[in-house]
Amino acid sequence: MRQNRYPLVGTPNDIVNGIEQLYNPGLSGTALTFVNYRDEFSYFRD
């Protein structure tokens with residue numbers, strides 16, 4: 001099975017901008033992971 005990956009790494013604003021760049025041409029979904037969910041999710045949520 002081939003796995004396509006497009007890592008987004010950076011500040012919360014970097015991640016948002018990266019997701020927008022993927023969404024604008026037509027990407028309709030993503031899978032997100034966090035190194036430490038409890039500590040990092042609030043940055044994404046807010």
# chains A, B, ... in the order shown; residues from 1 in each chain; ligands from 1

call {"tool": "residues_around", "arguments": {"residues": "segment 29-39 of chain A", "least_positions_apart": "4", "cutoff": "10 Å", "atoms": "only C-alpha atoms", "output": "list in words"}}
result
Arg5, Tyr6, Pro7, Leu8, Ile19, Leu22, Tyr23, Tyr43 and Phe44 of chain A

call {"tool": "select_by_dssp", "arguments": {"residues": "chain A", "states": "alpha helix (DSSP H)", "output": "list in words"}}
result
Pro12, Asn13, Asp14, Ile15, Val16, Asn17, Gly18, Ile19, Glu20, Gln21, Leu22, Tyr23, Tyr37, Arg38, Asp39, Glu40, Phe41, Ser42, Tyr43, Phe44 and Arg45 of chain A

call {"tool": "residues_around", "arguments": {"residues": "Asp46 of chain A", "least_positions_apart": "5", "cutoff": "12 Å", "atoms": "only C-alpha atoms", "output": "list in words"}}
result
Pro12, Asn13, Val16, Glu40 and Phe41 of chain A
